[in-house]
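Novice: The following file, upload-v6.txt, comprises compact mmCIF, C-alpha atoms:
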# COMPACT_ATOMS: atom_id res chain seq x y z
CA MET A 1 -34.76 -32.00 -11.38
CA PHE A 2 -32.16 -29.75 -9.83
CA ASN A 3 -31.07 -30.67 -6.33
CA SER A 4 -30.90 -28.05 -3.57
CA LYS A 5 -27.19 -27.29 -4.05
CA THR A 6 -27.60 -26.73 -7.79
CA SER A 7 -30.61 -24.50 -7.22
CA LYS A 8 -28.70 -22.52 -4.60
CA PHE A 9 -25.75 -22.12 -6.97
CA PHE A 10 -27.88 -20.67 -9.76
CA ASN A 11 -29.78 -18.52 -7.30
CA ASP A 12 -26.52 -17.11 -5.92
CA LEU A 13 -25.18 -16.62 -9.45
CA GLY A 14 -28.28 -14.69 -10.47
CA SER A 15 -28.14 -12.57 -7.30
CA TYR A 16 -24.47 -11.83 -7.95
CA PHE A 17 -25.09 -10.63 -11.51
CA LEU A 18 -28.02 -8.58 -10.25
CA LEU A 19 -25.68 -6.89 -7.75
CA VAL A 20 -23.08 -6.22 -10.47
CA SER A 21 -25.65 -4.73 -12.86
CA THR A 22 -27.22 -2.61 -10.10
CA VAL A 23 -23.87 -1.26 -8.91
CA THR A 24 -22.80 -0.50 -12.49
CA TRP A 25 -26.07 1.37 -13.08
CA LEU A 26 -25.64 3.33 -9.84
CA CYS A 27 -22.08 4.33 -10.79
CA PHE A 28 -23.37 6.03 -13.95
CA LYS A 29 -26.81 7.16 -12.79
CA ARG A 30 -26.05 8.21 -9.23
CA PRO A 31 -22.28 8.21 -8.76
CA PRO A 32 -21.12 8.25 -5.13
CA SER A 33 -19.42 11.29 -3.66
CA TRP A 34 -15.78 11.96 -4.50
CA ASP A 35 -14.81 11.72 -0.82
CA LEU A 36 -15.96 8.09 -0.64
CA ILE A 37 -14.20 7.20 -3.90
CA ARG A 38 -10.99 8.97 -2.85
CA ASP A 39 -10.85 7.10 0.46
CA GLN A 40 -11.30 3.77 -1.29
CA MET A 41 -8.70 4.61 -3.94
CA TYR A 42 -6.24 5.32 -1.14
CA GLU A 43 -7.14 2.11 0.68
CA ILE A 44 -7.12 -0.12 -2.40
CA GLY A 45 -4.35 1.56 -4.37
CA VAL A 46 -1.88 3.53 -2.30
CA ARG A 47 -1.81 1.21 0.70
CA SER A 48 -1.30 -1.78 -1.60
CA LEU A 49 1.83 -0.35 -3.22
CA PRO A 50 4.34 -2.00 -0.85
CA VAL A 51 3.01 -5.54 -1.23
CA VAL A 52 2.57 -5.09 -5.00
CA ALA A 53 6.11 -3.73 -5.31
CA ILE A 54 7.58 -6.66 -3.37
CA THR A 55 5.58 -9.16 -5.42
CA GLY A 56 6.52 -7.68 -8.79
CA PHE A 57 10.16 -7.08 -7.90
CA SER A 58 10.77 -10.58 -6.50
CA THR A 59 8.95 -12.21 -9.42
CA GLY A 60 11.08 -10.31 -11.93
CA MET A 61 14.23 -11.35 -10.10
CA VAL A 62 13.23 -15.02 -10.14
CA LEU A 63 12.27 -14.88 -13.82
CA ALA A 64 15.58 -13.27 -14.76
CA ALA A 65 17.61 -15.74 -12.72
CA GLN A 66 15.85 -18.72 -14.28
CA ALA A 67 15.86 -17.31 -17.81
CA TYR A 68 19.55 -16.40 -17.74
CA PHE A 69 20.49 -19.77 -16.20
CA GLN A 70 18.54 -21.69 -18.85
CA LEU A 71 19.51 -19.57 -21.86
CA SER A 72 23.10 -18.51 -21.25
CA ASP A 73 24.68 -21.84 -22.27
CA LYS A 74 22.60 -21.80 -25.45
CA GLY A 75 23.74 -18.36 -26.56
CA LEU A 76 20.32 -16.82 -25.95
CA ALA A 77 21.05 -14.80 -22.83
CA SER A 78 20.08 -11.60 -24.65
CA ALA A 79 16.45 -12.79 -24.57
CA THR A 80 16.36 -12.57 -20.77
CA GLY A 81 14.96 -9.04 -20.67
CA LEU A 82 12.36 -9.84 -23.30
CA MET A 83 11.17 -12.94 -21.46
CA VAL A 84 10.90 -11.13 -18.14
CA THR A 85 9.04 -8.14 -19.60
CA LYS A 86 6.68 -10.21 -21.74
CA ALA A 87 5.80 -12.57 -18.90
CA MET A 88 5.24 -9.73 -16.45
CA LEU A 89 3.09 -7.63 -18.78
CA VAL A 90 0.71 -10.22 -20.14
CA GLU A 91 0.53 -12.93 -17.46
CA LEU A 92 2.33 -12.80 -14.14
CA GLY A 93 1.94 -9.09 -13.45
CA PRO A 94 -1.88 -9.00 -13.72
CA VAL A 95 -2.46 -12.36 -12.02
CA LEU A 96 -0.08 -11.92 -9.09
CA THR A 97 -1.26 -8.37 -8.51
CA ALA A 98 -4.86 -9.58 -8.47
CA PHE A 99 -3.91 -12.31 -5.99
CA MET A 100 -2.25 -9.82 -3.66
CA ILE A 101 -5.19 -7.43 -3.84
CA THR A 102 -7.60 -10.30 -3.19
CA GLY A 103 -5.75 -11.23 -0.03
CA ARG A 104 -5.21 -7.68 1.21
CA VAL A 105 -8.31 -5.81 0.00
CA GLY A 106 -10.90 -8.38 -1.05
CA ALA A 107 -10.82 -10.23 2.26
CA ALA A 108 -11.06 -6.94 4.16
CA ILE A 109 -14.06 -5.80 2.09
CA CYS A 110 -15.89 -9.08 2.67
CA ALA A 111 -15.13 -9.09 6.40
CA GLU A 112 -16.16 -5.44 6.82
CA LEU A 113 -19.42 -5.75 4.91
CA GLY A 114 -20.13 -9.11 6.50
CA THR A 115 -19.71 -7.65 9.97
CA MET A 116 -22.00 -4.78 9.04
CA ARG A 117 -24.58 -7.27 7.79
CA VAL A 118 -24.63 -9.52 10.86
CA THR A 119 -24.70 -6.50 13.22
CA GLU A 120 -27.61 -5.03 11.22
CA GLN A 121 -25.74 -1.86 10.28
CA ILE A 122 -26.71 -2.35 6.63
CA ASP A 123 -30.35 -2.67 7.66
CA ALA A 124 -29.95 0.57 9.60
CA LEU A 125 -28.69 2.32 6.46
CA SER A 126 -31.72 1.09 4.53
CA SER A 127 -34.04 2.32 7.27
CA MET A 128 -32.49 5.79 6.89
CA ALA A 129 -33.21 5.75 3.13
CA VAL A 130 -29.53 5.23 2.27
CA ASN A 131 -28.92 2.73 -0.53
CA PRO A 132 -26.26 0.31 0.83
CA LEU A 133 -25.03 -0.55 -2.67
CA SER A 134 -24.57 3.12 -3.55
CA TYR A 135 -22.91 3.99 -0.25
CA LEU A 136 -20.83 0.88 0.44
CA VAL A 137 -20.21 -1.00 -2.82
CA ALA A 138 -20.18 1.61 -5.61
CA PRO A 139 -17.18 3.60 -4.23
CA ARG A 140 -15.18 0.39 -3.89
CA PHE A 141 -16.26 -0.70 -7.37
CA ILE A 142 -15.07 2.54 -8.98
CA ALA A 143 -11.84 2.62 -6.97
CA GLY A 144 -11.06 -1.02 -7.74
CA THR A 145 -11.57 -0.71 -11.49
CA VAL A 146 -9.36 2.40 -11.57
CA MET A 147 -6.56 1.28 -9.26
CA LEU A 148 -6.10 -2.36 -10.34
CA PRO A 149 -4.80 -1.49 -13.85
CA ILE A 150 -2.45 1.10 -12.31
CA LEU A 151 -1.20 -1.39 -9.72
CA THR A 152 -0.73 -3.97 -12.48
CA ILE A 153 1.51 -1.69 -14.53
CA PHE A 154 3.41 -0.72 -11.38
CA SER A 155 3.97 -4.39 -10.57
CA CYS A 156 5.19 -5.04 -14.12
CA ALA A 157 7.62 -2.11 -13.92
CA MET A 158 8.99 -3.41 -10.64
CA GLY A 159 9.36 -6.86 -12.19
CA VAL A 160 11.33 -5.50 -15.14
CA LEU A 161 13.52 -3.54 -12.72
CA GLY A 162 14.13 -6.62 -10.58
CA GLY A 163 15.03 -8.64 -13.65
CA TYR A 164 17.41 -5.91 -14.81
CA ILE A 165 19.23 -5.87 -11.48
CA ILE A 166 19.71 -9.63 -11.48
CA ALA A 167 20.69 -9.91 -15.15
CA VAL A 168 22.98 -6.88 -15.30
CA ASP A 169 24.35 -6.43 -11.79
CA TYR A 170 24.49 -10.06 -10.68
CA TYR A 171 25.18 -12.02 -13.87
CA GLY A 172 27.11 -9.24 -15.62
CA MET A 173 24.90 -9.07 -18.68
CA PRO A 174 25.40 -5.84 -20.73
CA SER A 175 22.57 -3.41 -20.02
CA HIS A 176 21.90 -2.79 -23.71
CA SER A 177 21.43 -6.54 -24.25
CA TYR A 178 18.66 -6.48 -21.67
CA ILE A 179 16.94 -3.31 -22.89
CA ASP A 180 17.39 -3.24 -26.68
CA PRO A 181 15.14 -6.25 -27.53
CA LEU A 182 12.28 -4.59 -25.65
CA ARG A 183 12.09 -1.73 -28.14
CA ASP A 184 11.42 -4.08 -31.04
CA GLN A 185 9.49 -6.93 -29.44
CA ILE A 186 7.32 -5.29 -26.77
CA HIS A 187 4.28 -3.64 -28.34
CA LEU A 188 1.64 -1.30 -27.04
CA TYR A 189 -0.83 -4.18 -27.27
CA ASP A 190 1.13 -6.04 -24.58
CA VAL A 191 0.59 -3.11 -22.21
CA PHE A 192 -3.05 -3.00 -23.28
CA MET A 193 -3.44 -6.69 -22.36
CA GLY A 194 -2.11 -6.02 -18.89
CA LEU A 195 -4.45 -3.08 -18.42
CA VAL A 196 -7.50 -5.01 -19.62
CA LYS A 197 -6.73 -7.91 -17.32
CA GLY A 198 -6.19 -5.57 -14.39
CA PHE A 199 -9.52 -3.87 -15.11
CA VAL A 200 -11.43 -7.16 -15.30
CA PHE A 201 -9.72 -8.59 -12.24
CA GLY A 202 -10.62 -5.43 -10.33
CA ILE A 203 -14.29 -5.96 -11.15
CA ILE A 204 -14.05 -9.62 -10.13
CA ILE A 205 -12.38 -8.94 -6.78
CA ILE A 206 -14.58 -6.06 -5.68
CA THR A 207 -17.91 -7.54 -6.77
CA ILE A 208 -17.36 -11.06 -5.44
CA SER A 209 -16.00 -9.80 -2.12
CA SER A 210 -18.86 -7.31 -1.78
CA TYR A 211 -21.49 -9.88 -2.68
CA LYS A 212 -20.20 -12.43 -0.19
CA GLY A 213 -20.03 -9.75 2.48
CA MET A 214 -23.51 -8.39 1.78
CA THR A 215 -25.04 -11.88 1.92
CA THR A 216 -23.27 -13.02 5.10
CA ARG A 217 -25.38 -14.84 7.67
CA GLY A 218 -24.61 -16.59 10.94
CA GLY A 219 -22.75 -14.13 13.16
CA ALA A 220 -18.97 -14.13 13.62
CA ALA A 221 -18.61 -17.67 12.27
CA GLY A 222 -20.53 -16.65 9.17
CA VAL A 223 -18.21 -13.71 8.59
CA GLY A 224 -15.23 -16.06 8.70
CA ARG A 225 -16.83 -18.49 6.26
CA SER A 226 -17.84 -15.72 3.86
CA THR A 227 -14.34 -14.22 3.90
CA THR A 228 -12.69 -17.57 3.23
CA ASN A 229 -15.15 -18.41 0.46
CA SER A 230 -14.75 -15.00 -1.18
CA VAL A 231 -10.96 -15.37 -1.37
CA VAL A 232 -11.15 -18.91 -2.78
CA ILE A 233 -13.80 -17.93 -5.34
CA CYS A 234 -11.83 -14.84 -6.39
CA TYR A 235 -8.66 -16.88 -6.91
CA SER A 236 -10.52 -19.49 -8.95
CA VAL A 237 -12.38 -16.96 -11.12
CA ILE A 238 -9.18 -14.97 -11.69
CA LEU A 239 -7.33 -18.07 -12.95
CA VAL A 240 -10.15 -19.11 -15.26
CA GLY A 241 -10.72 -15.52 -16.38
CA ASN A 242 -7.02 -15.09 -17.10
CA PHE A 243 -7.07 -18.05 -19.48
CA LEU A 244 -10.20 -16.83 -21.27
CA LEU A 245 -8.87 -13.28 -21.54
CA THR A 246 -5.52 -14.51 -22.87
CA VAL A 247 -7.18 -16.55 -25.62
CA PHE A 248 -9.61 -13.76 -26.50
CA LEU A 249 -7.00 -10.97 -26.55
CA ASN A 250 -4.49 -13.05 -28.53
CA ASN A 251 -7.15 -13.91 -31.11
CA THR A 252 -8.17 -10.26 -31.26
CA TYR A 253 -4.57 -9.21 -31.86
CA THR A 254 -4.19 -11.79 -34.64
CA TYR A 255 -7.40 -10.59 -36.29
CA LEU A 256 -6.43 -6.91 -36.09
CA LYS A 257 -2.95 -7.69 -37.40
CA GLU A 258 -4.39 -9.50 -40.42
CA GLN A 259 -6.97 -6.81 -41.11
CA PHE A 260 -4.77 -3.73 -40.69
CA TRP A 261 -1.30 -5.16 -41.44
CA TRP A 262 0.26 -4.18 -38.16
Please re-express this file's structure in structure tokens.

Specialist:
Amino acid sequence: MFNSKTSKFFNDLGSYFLLVSTVTWLCFKRPPSWDLIRDQMYEIGVRSLPVVAITGFSTGMVLAAQAYFQLSDKGLASATGLMVTKAMLVELGPVLTAFMITGRVGAAICAELGTMRVTEQIDALSSMAVNPLSYLVAPRFIAGTVMLPILTIFSCAMGVLGGYIIAVDYYGMPSHSYIDPLRDQIHLYDVFMGLVKGFVFGIIIITISSYKGMTTRGGAAGVGRSTTNSVVICYSVILVGNFLLTVFLNNTYTYLKEQFWW
């Protein structure tokens, strides 16, 4: 027999997937107005550019400093640019960007929707024949899935730039030694991996934050608990999802390479 906590977990999991499927259906069947989507794209994407830029740039600088320090005495300093770019594109760029968006956007979404729930504003929308999922969640869902891949690539570009500045301007590495290996070793599939991860992480952040906000109970204290839980859950699911996506995408690349002789 399942205990109460286990039953609640599976009940919440089922309710979450029901919300995701309903929002996805609404996005195709009854897409929200462009004005709502545009506002959320600005809030999620444009206003997140500074924190994403700082995160990507500083990460690239640290990667370049460590890589050059570890590889220079072994005669492998020319691999610094390749290591920075590869790490940013396929792993650190998507994950760190998702973490920043979780803290800046996901927490705000959960707190906003949670406040609307406990103050009965969502019930008021329903009483006026306005679907809360279509009006509140669907625009954020569309904006998140569009902007997260863009923010991920932006973060990766800033990381490569930060690594270039450290390797070339600080350590005196020739610029062609940093850039030339990228032309041969960085493939379009690496960029594709970053985009796919950004897309999936966008879905995770928006849906989990929205679900926790929409199901908030218990007044102001409940809003705080829901916001904290949504951030922790998002971080955990992103880390596990990153591992699963890495294994899946690497196996897919190996299969395609064997089948089509890339």

Novice: Give the answer as one residue: which of A:Pro32, A:Gly93, A:Gly172, A:Gly162 has the shortest atom-to-atom distance to A:Ser72, using only C-alpha atoms?

Specialist: A:Gly172

Novice: Compare A:Gly218, A:Tyr164, A:Arg140, A:Lys197 by their minimum atom-to-atom distance to A:Leu249, counting all atoms listed in the file, and give me the closest one.

Specialist: A:Lys197

Novice: Considering all atoms listed in the file, can you say which of A:Thr227, A:Thr145, A:Ser210, A:Asn250 comes closest to A:Ile37?

Specialist: A:Thr145

Novice: Starting from 5 Å padding per side, set up an axis-aligned box that covers all listed atoms of stretch 221-235 of chain A and hand over centre and edge lengths in Å, one decimal, as lines of an AutoDock Vina configuration file.

Specialist:
center_x = -14.6
center_y = -16.3
center_z = 2.7
size_x = 21.9
size_y = 15.2
size_z = 29.2

Novice: Using only C-alpha atoms, pick whichever of A:Ile205, A:Cys234, A:Val160, A:Ile142 has the shortest atom-to-atom distance to A:Leu89.

Specialist: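 Closest to A:Leu89 of all the choices is A:Val160.
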
Novice: Please return, as a list of chain:residue names, all polymer residues that have at least one atom within 9 Å of the point (-1.7, -8.4, -5.9); use only C-alpha atoms and the file's own coordinate frame.

Specialist: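 Residues satisfying the cut-off, written out: A:Ser48, A:Val51, A:Val52, A:Thr55, A:Gly56, A:Gly93, A:Pro94, A:Val95, A:Leu96, A:Thr97, A:Ala98, A:Phe99, A:Met100, A:Ile101, A:Thr102, A:Gly103, A:Arg104, A:Leu148, A:Leu151, A:Thr152, A:Ser155.
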
Novice: If we count all atoms listed in the file and set the cut-off at 8 Å, which residues sit around A:Met61, ignoring sequence neighbours fewer than 2 positions away in its own chain? Please answer as a count of residues only.

Specialist: 12

Novice: Out of A:Tyr42, A:Phe199, A:Tyr170, A:Tyr178, which residue has the shortest atom-to-atom distance to A:Val105 when counting all atoms listed in the file?

Specialist: A:Tyr42

Novice: Have a look at A:Ser126, A:Asn11, A:Ser78, A:Ser226 and name the one nearest to A:Ile208; count only C-alpha atoms.

Specialist: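 Of the candidates, the smallest distance to A:Ile208 is held by A:Ser226.
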
Novice: What's the separation between atom CA of A:Ile109 and atom CA of A:Phe10, in Å to one decimal place?

Specialist: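 Answer for the atom CA of A:Ile109 to atom CA of A:Phe10 separation: 23.5 Å.
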
Novice: Neighbours of A:Asp12 within 10 Å (all atoms listed in the file; same-chain residues fewer than 4 positions away dropped), as number ranges by chain?

Specialist: A: 6-8, 16-18, 211-212, 215

Novice: Counting all atoms listed in the file, which residues sit no farther than 10 Å from the position (23.6, -7.1, -22.5) in the file's frame? I'd like them as a list of chain:residue names.

Specialist: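 The residues that fall inside the cut-off are A:Ala77, A:Ser78, A:Ala79, A:Thr80, A:Gly81, A:Tyr164, A:Ala167, A:Val168, A:Gly172, A:Met173, A:Pro174, A:Ser175, A:His176, A:Ser177, A:Tyr178, A:Ile179, A:Asp180, A:Pro181.
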
Novice: Could you please determine the separation between atom CA of A:Leu195 and atom CA of A:Gly213 in Å, to one decimal place?

Specialist: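 Atom CA of A:Gly213 lies at a distance of 26.9 Å from atom CA of A:Leu195.
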
Novice: I'd like the interatomic distance between atom CA of A:Ala53 and atom CA of A:Ala157, to a tenth of an Å.

Specialist: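 Separation between atom CA of A:Ala53 and atom CA of A:Ala157: 8.9 Å.
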
Novice: How would stretch 68-94 of chain A look written as a PDB file, in the first residue's frame with C-alpha atoms?

Specialist:
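Output file result.pdb is given in full below:
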ATOM      1  CA  TYR A  68      45.616  27.261 -20.229  1.00  0.00           C
ATOM      2  CA  PHE A  69      47.179  26.791 -16.775  1.00  0.00           C
ATOM      3  CA  GLN A  70      46.761  23.005 -16.939  1.00  0.00           C
ATOM      4  CA  LEU A  71      47.725  22.525 -20.598  1.00  0.00           C
ATOM      5  CA  SER A  72      50.463  25.068 -21.275  1.00  0.00           C
ATOM      6  CA  ASP A  73      53.266  23.094 -19.594  1.00  0.00           C
ATOM      7  CA  LYS A  74      52.221  20.010 -21.560  1.00  0.00           C
ATOM      8  CA  GLY A  75      52.398  21.701 -24.946  1.00  0.00           C
ATOM      9  CA  LEU A  76      48.623  21.585 -25.419  1.00  0.00           C
ATOM     10  CA  ALA A  77      47.786  25.247 -24.914  1.00  0.00           C
ATOM     11  CA  SER A  78      46.318  25.418 -28.424  1.00  0.00           C
ATOM     12  CA  ALA A  79      43.419  23.262 -27.192  1.00  0.00           C
ATOM     13  CA  THR A  80      42.257  26.019 -24.828  1.00  0.00           C
ATOM     14  CA  GLY A  81      39.782  27.541 -27.277  1.00  0.00           C
ATOM     15  CA  LEU A  82      38.393  24.147 -28.217  1.00  0.00           C
ATOM     16  CA  MET A  83      37.870  23.150 -24.590  1.00  0.00           C
ATOM     17  CA  VAL A  84      36.134  26.414 -23.719  1.00  0.00           C
ATOM     18  CA  THR A  85      33.846  26.340 -26.758  1.00  0.00           C
ATOM     19  CA  LYS A  86      32.963  22.659 -26.447  1.00  0.00           C
ATOM     20  CA  ALA A  87      32.203  22.918 -22.738  1.00  0.00           C
ATOM     21  CA  MET A  88      30.103  26.039 -23.187  1.00  0.00           C
ATOM     22  CA  LEU A  89      28.077  24.718 -26.120  1.00  0.00           C
ATOM     23  CA  VAL A  90      27.146  21.276 -24.896  1.00  0.00           C
ATOM     24  CA  GLU A  91      27.177  21.514 -21.091  1.00  0.00           C
ATOM     25  CA  LEU A  92      27.882  24.667 -19.133  1.00  0.00           C
ATOM     26  CA  GLY A  93      26.109  27.132 -21.407  1.00  0.00           C
ATOM     27  CA  PRO A  94      22.696  25.404 -21.343  1.00  0.00           C
TER      28      PRO A  94
END
